[in-house]
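K.L.:
Let me begin by handing over the structure; questions about it come next.
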Amino acid sequence: MKFLPAELEGVVVIEPEVHRDSRGFFLESYHARKYREGGLDAVFVQDNHSRSIRGTLRGLHAQRRHPQGKLVRAIQGEIFDVAVDIRPGSKTWGKWTSVVLSEENFRLVYIPPGFAHGFCVLSDVAQVEYKCTDFYVPGDEITIAWNDPEIGIPWPVRDPILSPKDRDAPPLREVMKMLL
């Protein structure tokens with residue numbers, strides 16, 4: 001397993017060892033000891049699974065009092081996955097990093113607490129599974145505008161399919177004013 005640091009401190013891309021043969025493949029997507037040795041000592045308490053069609057954009061989401069670290073992977077299709085630093089006082093506040101996750105490249109990304117997360121679907125369909133380090137608390141959720149010009153993410157999708165809460169989300173600076 002390879003642990004590759006992303007542009008933002010704490011965000012890590014994981015490349016598992018994939019064993020292929022005539023029957024298909026096998027890989028370990030999570031192994032606590034190997035993750036600890038790779039510098040990730042997160043404890044996961046919840047697994048989530050979503051299925052989305054091409055052009056869907058989910059995010060940017062986080063939680064205030066119960067921030068979640070997330071270990072994300074695409075088990076079907078391909079996604080453009082994004083993490084945005086929303087830690088108050090961070091030298092990289094408002095900066096983002098991205099990685100393409102797919103059923104073909106087997107990559108995972110770990111996004112630590114204190115980051116907003118979002119992704120858009122590049123294939124006809126994508127199924128995404130992710131582990132979380134804290135439980136989801138509905139009233140604690142933060143939603144940030146996916147197209148906030150100050151963040152400036154060049155999403156590879158035009159006119160994305162959005163939920164009402166993602167479509168109407170405020171920019172990061174407004175969200176932060178509400179939190180402080």
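Chain labels run A, B, ... following the order of the structure tokens; each chain numbers its residues from 1, and ligands are numbered from 1 in the order shown.
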Skip Val45 in chain A itself and residues of its chain fewer than 2 positions away, then list as a PDB file with N, CA, C and O atoms, in the first residue's frame all residues within 12 Å of it, counting only C-alpha atoms.
P.N.:
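Now in selection.pdb:
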```pdb
ATOM      1  N   ALA A  42      -6.724   6.897  12.080  1.00  0.00           N
ATOM      2  CA  ALA A  42      -8.135   7.223  12.263  1.00  0.00           C
ATOM      3  C   ALA A  42      -8.918   5.993  12.712  1.00  0.00           C
ATOM      4  O   ALA A  42      -8.620   4.868  12.327  1.00  0.00           O
ATOM      5  N   VAL A  43      -9.933   6.246  13.524  1.00  0.00           N
ATOM      6  CA  VAL A  43     -10.868   5.194  13.942  1.00  0.00           C
ATOM      7  C   VAL A  43     -12.193   5.493  13.242  1.00  0.00           C
ATOM      8  O   VAL A  43     -12.740   6.589  13.382  1.00  0.00           O
ATOM      9  N   ASP A  47     -19.993   3.620   7.978  1.00  0.00           N
ATOM     10  CA  ASP A  47     -19.750   3.441   6.545  1.00  0.00           C
ATOM     11  C   ASP A  47     -20.958   3.957   5.773  1.00  0.00           C
ATOM     12  O   ASP A  47     -22.104   3.689   6.165  1.00  0.00           O
ATOM     13  N   ASN A  48     -20.709   4.673   4.670  1.00  0.00           N
ATOM     14  CA  ASN A  48     -21.774   5.197   3.821  1.00  0.00           C
ATOM     15  C   ASN A  48     -21.557   4.726   2.391  1.00  0.00           C
ATOM     16  O   ASN A  48     -20.424   4.456   1.989  1.00  0.00           O
ATOM     17  N   GLN A  68     -16.053  15.117  10.556  1.00  0.00           N
ATOM     18  CA  GLN A  68     -15.764  13.747  10.143  1.00  0.00           C
ATOM     19  C   GLN A  68     -14.513  13.682   9.280  1.00  0.00           C
ATOM     20  O   GLN A  68     -14.379  14.444   8.323  1.00  0.00           O
ATOM     21  N   GLY A  69     -13.626  12.752   9.611  1.00  0.00           N
ATOM     22  CA  GLY A  69     -12.617  12.335   8.664  1.00  0.00           C
ATOM     23  C   GLY A  69     -13.286  11.318   7.758  1.00  0.00           C
ATOM     24  O   GLY A  69     -14.158  10.559   8.197  1.00  0.00           O
ATOM     25  N   LYS A  70     -12.914  11.295   6.482  1.00  0.00           N
ATOM     26  CA  LYS A  70     -13.561  10.384   5.532  1.00  0.00           C
ATOM     27  C   LYS A  70     -12.512   9.649   4.707  1.00  0.00           C
ATOM     28  O   LYS A  70     -11.564  10.263   4.215  1.00  0.00           O
ATOM     29  N   LEU A  71     -12.724   8.362   4.550  1.00  0.00           N
ATOM     30  CA  LEU A  71     -11.904   7.525   3.669  1.00  0.00           C
ATOM     31  C   LEU A  71     -12.806   7.145   2.503  1.00  0.00           C
ATOM     32  O   LEU A  71     -13.743   6.363   2.660  1.00  0.00           O
ATOM     33  N   TYR A 130     -17.677   5.336   1.608  1.00  0.00           N
ATOM     34  CA  TYR A 130     -16.724   6.046   2.451  1.00  0.00           C
ATOM     35  C   TYR A 130     -16.964   5.754   3.917  1.00  0.00           C
ATOM     36  O   TYR A 130     -18.078   5.579   4.365  1.00  0.00           O
ATOM     37  N   LYS A 131     -15.845   5.647   4.628  1.00  0.00           N
ATOM     38  CA  LYS A 131     -15.834   5.438   6.064  1.00  0.00           C
ATOM     39  C   LYS A 131     -15.724   6.796   6.733  1.00  0.00           C
ATOM     40  O   LYS A 131     -15.035   7.678   6.224  1.00  0.00           O
ATOM     41  N   CYS A 132     -16.351   6.954   7.900  1.00  0.00           N
ATOM     42  CA  CYS A 132     -16.326   8.224   8.636  1.00  0.00           C
ATOM     43  C   CYS A 132     -15.797   8.016  10.045  1.00  0.00           C
ATOM     44  O   CYS A 132     -16.065   6.986  10.674  1.00  0.00           O
ATOM     45  N   THR A 133     -15.098   9.026  10.552  1.00  0.00           N
ATOM     46  CA  THR A 133     -14.532   8.953  11.900  1.00  0.00           C
ATOM     47  C   THR A 133     -15.490   9.437  12.978  1.00  0.00           C
ATOM     48  O   THR A 133     -15.195   9.318  14.161  1.00  0.00           O
ATOM     49  N   ASP A 134     -16.628  10.011  12.600  1.00  0.00           N
ATOM     50  CA  ASP A 134     -17.665  10.395  13.557  1.00  0.00           C
ATOM     51  C   ASP A 134     -19.009  10.149  12.905  1.00  0.00           C
ATOM     52  O   ASP A 134     -19.102  10.031  11.677  1.00  0.00           O
ATOM     53  N   PHE A 135     -20.048  10.070  13.733  1.00  0.00           N
ATOM     54  CA  PHE A 135     -21.384   9.815  13.225  1.00  0.00           C
ATOM     55  C   PHE A 135     -21.957  11.065  12.570  1.00  0.00           C
ATOM     56  O   PHE A 135     -21.664  12.186  12.976  1.00  0.00           O
ATOM     57  N   TYR A 136     -22.788  10.856  11.559  1.00  0.00           N
ATOM     58  CA  TYR A 136     -23.486  11.954  10.906  1.00  0.00           C
ATOM     59  C   TYR A 136     -24.573  12.474  11.844  1.00  0.00           C
ATOM     60  O   TYR A 136     -25.368  11.706  12.375  1.00  0.00           O
TER      61      TYR A 136
END
```
K.L.:
Skip range 27-41 of chain A itself and residues of its chain fewer than 4 positions away, then list as a VMD selection string all residues within 10 Å of it, counting only C-alpha atoms.
P.N.:
chain A and resid 1 to 4 10 to 12 14 to 20 71 to 73 106 to 108 110 112 131
K.L.:
Could you write those residues out with N, CA and C atoms, as a tab-separated table (two decimals), in the first residue's frame?
P.N.:
```tsv
chain	number	residue	atom	x	y	z
A	1	MET	N	0.84	-1.17	0.00
A	1	MET	CA	0.00	0.00	0.00
A	1	MET	C	0.88	1.24	0.00
A	2	LYS	N	0.53	2.21	-0.85
A	2	LYS	CA	1.27	3.46	-0.89
A	2	LYS	C	0.39	4.57	-0.30
A	3	PHE	N	1.01	5.44	0.50
A	3	PHE	CA	0.34	6.59	1.10
A	3	PHE	C	1.00	7.84	0.55
A	4	LEU	N	0.27	8.57	-0.29
A	4	LEU	CA	0.82	9.73	-1.00
A	4	LEU	C	0.19	11.01	-0.48
A	10	GLY	N	-2.54	16.66	5.60
A	10	GLY	CA	-3.53	15.78	6.20
A	10	GLY	C	-4.34	14.98	5.19
A	11	VAL	N	-4.47	15.50	3.98
A	11	VAL	CA	-5.18	14.77	2.93
A	11	VAL	C	-4.19	13.79	2.31
A	12	VAL	N	-4.60	12.52	2.23
A	12	VAL	CA	-3.69	11.47	1.76
A	12	VAL	C	-4.38	10.61	0.72
A	14	ILE	N	-4.40	7.05	-1.13
A	14	ILE	CA	-3.94	5.69	-0.85
A	14	ILE	C	-4.05	4.86	-2.11
A	15	GLU	N	-2.95	4.19	-2.45
A	15	GLU	CA	-2.94	3.27	-3.59
A	15	GLU	C	-2.74	1.86	-3.04
A	16	PRO	N	-3.81	1.07	-2.99
A	16	PRO	CA	-3.68	-0.28	-2.45
A	16	PRO	C	-2.97	-1.20	-3.44
A	17	GLU	N	-2.42	-2.26	-2.92
A	17	GLU	CA	-1.82	-3.28	-3.77
A	17	GLU	C	-2.97	-4.13	-4.33
A	18	VAL	N	-3.05	-4.21	-5.64
A	18	VAL	CA	-4.13	-4.95	-6.30
A	18	VAL	C	-3.56	-6.26	-6.85
A	19	HIS	N	-4.15	-7.37	-6.46
A	19	HIS	CA	-3.74	-8.69	-6.94
A	19	HIS	C	-4.74	-9.13	-8.00
A	20	ARG	N	-4.27	-9.25	-9.23
A	20	ARG	CA	-5.14	-9.61	-10.35
A	20	ARG	C	-4.78	-11.00	-10.86
A	71	LEU	N	-12.72	8.36	4.55
A	71	LEU	CA	-11.90	7.52	3.67
A	71	LEU	C	-12.81	7.15	2.50
A	72	VAL	N	-12.54	7.73	1.33
A	72	VAL	CA	-13.46	7.68	0.19
A	72	VAL	C	-12.90	6.82	-0.93
A	73	ARG	N	-13.78	6.03	-1.57
A	73	ARG	CA	-13.38	5.28	-2.77
A	73	ARG	C	-14.57	5.08	-3.70
A	106	PHE	N	-8.49	2.17	-8.44
A	106	PHE	CA	-8.56	1.62	-7.08
A	106	PHE	C	-8.09	2.58	-6.00
A	107	ARG	N	-7.82	3.82	-6.32
A	107	ARG	CA	-7.33	4.78	-5.33
A	107	ARG	C	-8.42	5.09	-4.29
A	108	LEU	N	-7.95	5.45	-3.10
A	108	LEU	CA	-8.78	5.96	-2.03
A	108	LEU	C	-8.20	7.30	-1.63
A	110	TYR	N	-8.05	9.89	1.89
A	110	TYR	CA	-8.42	10.19	3.27
A	110	TYR	C	-8.49	11.70	3.41
A	112	PRO	N	-9.19	14.48	6.26
A	112	PRO	CA	-9.29	14.57	7.71
A	112	PRO	C	-10.41	15.50	8.18
A	131	LYS	N	-15.84	5.65	4.63
A	131	LYS	CA	-15.83	5.44	6.06
A	131	LYS	C	-15.72	6.80	6.73
```
K.L.:
Please identify the strand (DSSP E or B) residues within chain A (assignment by DSSP from backbone atoms) and present them as a ChimeraX atom specification.
P.N.:
/A:2-5,12-15,18-21,24-27,46-53,56-63,70-76,78-85,96-102,108-111,115-121,125-132,141-143,161
K.L.:
Taking into account only C-alpha atoms, which residue in the set A:Ile75, A:Leu60, A:Cys120, A:Ala6 is nearest to Asp159 in chain A?
P.N.:
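Among the listed residues, the smallest separation from Asp159 in chain A belongs to A:Cys120.
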K.L.:
Tell me which of A:Lys177, A:His61, A:Arg167, A:Arg87 sits closest to Glu9 in chain A, counting only C-alpha atoms.
P.N.:
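Between A:Lys177, A:His61, A:Arg167, A:Arg87, the residue approaching Glu9 in chain A most closely is A:Arg87.
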K.L.:
What does the structure give for the distance between CA of Ala116 in chain A and CA of Thr143 in chain A, in Å to one decimal?
P.N.:
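Going from CA of Ala116 in chain A over to CA of Thr143 in chain A, I get 8.3 Å.
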K.L.:
Mind giving me the straight-line distance from CA of Asp124 in chain A to CA of Ile142 in chain A in Å, one decimal?
P.N.:
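So the two atoms, CA of Asp124 in chain A and CA of Ile142 in chain A, lie 28.0 Å apart.
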K.L.:
Please report, as a list of chain:residue names, each residue of chain A to which DSSP assigns alpha helix (DSSP H) when run on this structure's backbone.
P.N.:
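Filtering chain A down to alpha helix (DSSP H) leaves A:Ala32, A:Arg33, A:Lys34, A:Tyr35, A:Arg36, A:Glu37, A:Pro164, A:Lys165, A:Asp166, A:Arg167, A:Leu172, A:Arg173, A:Glu174, A:Val175, A:Met176, A:Lys177, A:Met178, A:Leu179.
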K.L.:
Keeping only C-alpha atoms, write the selected residues as an mmCIF file, in the first residue's frame.
P.N.:
```cif
data_model
loop_
_atom_site.group_PDB
_atom_site.id
_atom_site.type_symbol
_atom_site.label_atom_id
_atom_site.label_comp_id
_atom_site.auth_asym_id
_atom_site.auth_seq_id
_atom_site.Cartn_x
_atom_site.Cartn_y
_atom_site.Cartn_z
ATOM 1 C CA ALA A 32 -5.766 -0.709 10.461
ATOM 2 C CA ARG A 33 -2.131 -1.668 11.063
ATOM 3 C CA LYS A 34 -1.001 -0.721 7.546
ATOM 4 C CA TYR A 35 -2.860 2.577 7.754
ATOM 5 C CA ARG A 36 -1.230 3.354 11.131
ATOM 6 C CA GLU A 37 2.178 2.529 9.655
ATOM 7 C CA PRO A 164 -31.767 21.745 -3.394
ATOM 8 C CA LYS A 165 -29.458 22.257 -0.379
ATOM 9 C CA ASP A 166 -26.335 22.104 -2.595
ATOM 10 C CA ARG A 167 -27.891 24.430 -5.191
ATOM 11 C CA LEU A 172 -17.544 29.679 2.496
ATOM 12 C CA ARG A 173 -17.064 33.177 4.000
ATOM 13 C CA GLU A 174 -20.809 33.410 4.800
ATOM 14 C CA VAL A 175 -20.809 29.917 6.311
ATOM 15 C CA MET A 176 -17.831 30.828 8.501
ATOM 16 C CA LYS A 177 -19.575 34.007 9.759
ATOM 17 C CA MET A 178 -22.520 31.861 10.871
ATOM 18 C CA LEU A 179 -20.187 29.477 12.699
#
```
K.L.:
Find the residue from A:Leu122, A:Ile144, A:Ile53, A:Ile161 that sits nearest to Val84 in chain A; use only C-alpha atoms when measuring.
P.N.:
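For Val84 in chain A, the nearest of the given residues is A:Ile144.
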K.L.:
For a test of reading the model, state the distance in Å between CA of Trp93 in chain A and CA of His49 in chain A, rounded to one decimal.
P.N.:
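Spanning CA of Trp93 in chain A to CA of His49 in chain A is a straight-line distance of 28.2 Å.
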K.L.:
Point out the residue among A:Thr97, A:Gln76, A:Ser50, A:Thr56 with the least atom-to-atom distance to Ile151 in chain A, counting only C-alpha atoms.
P.N.:
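Ranked by minimum distance to Ile151 in chain A, first place goes to A:Thr97.
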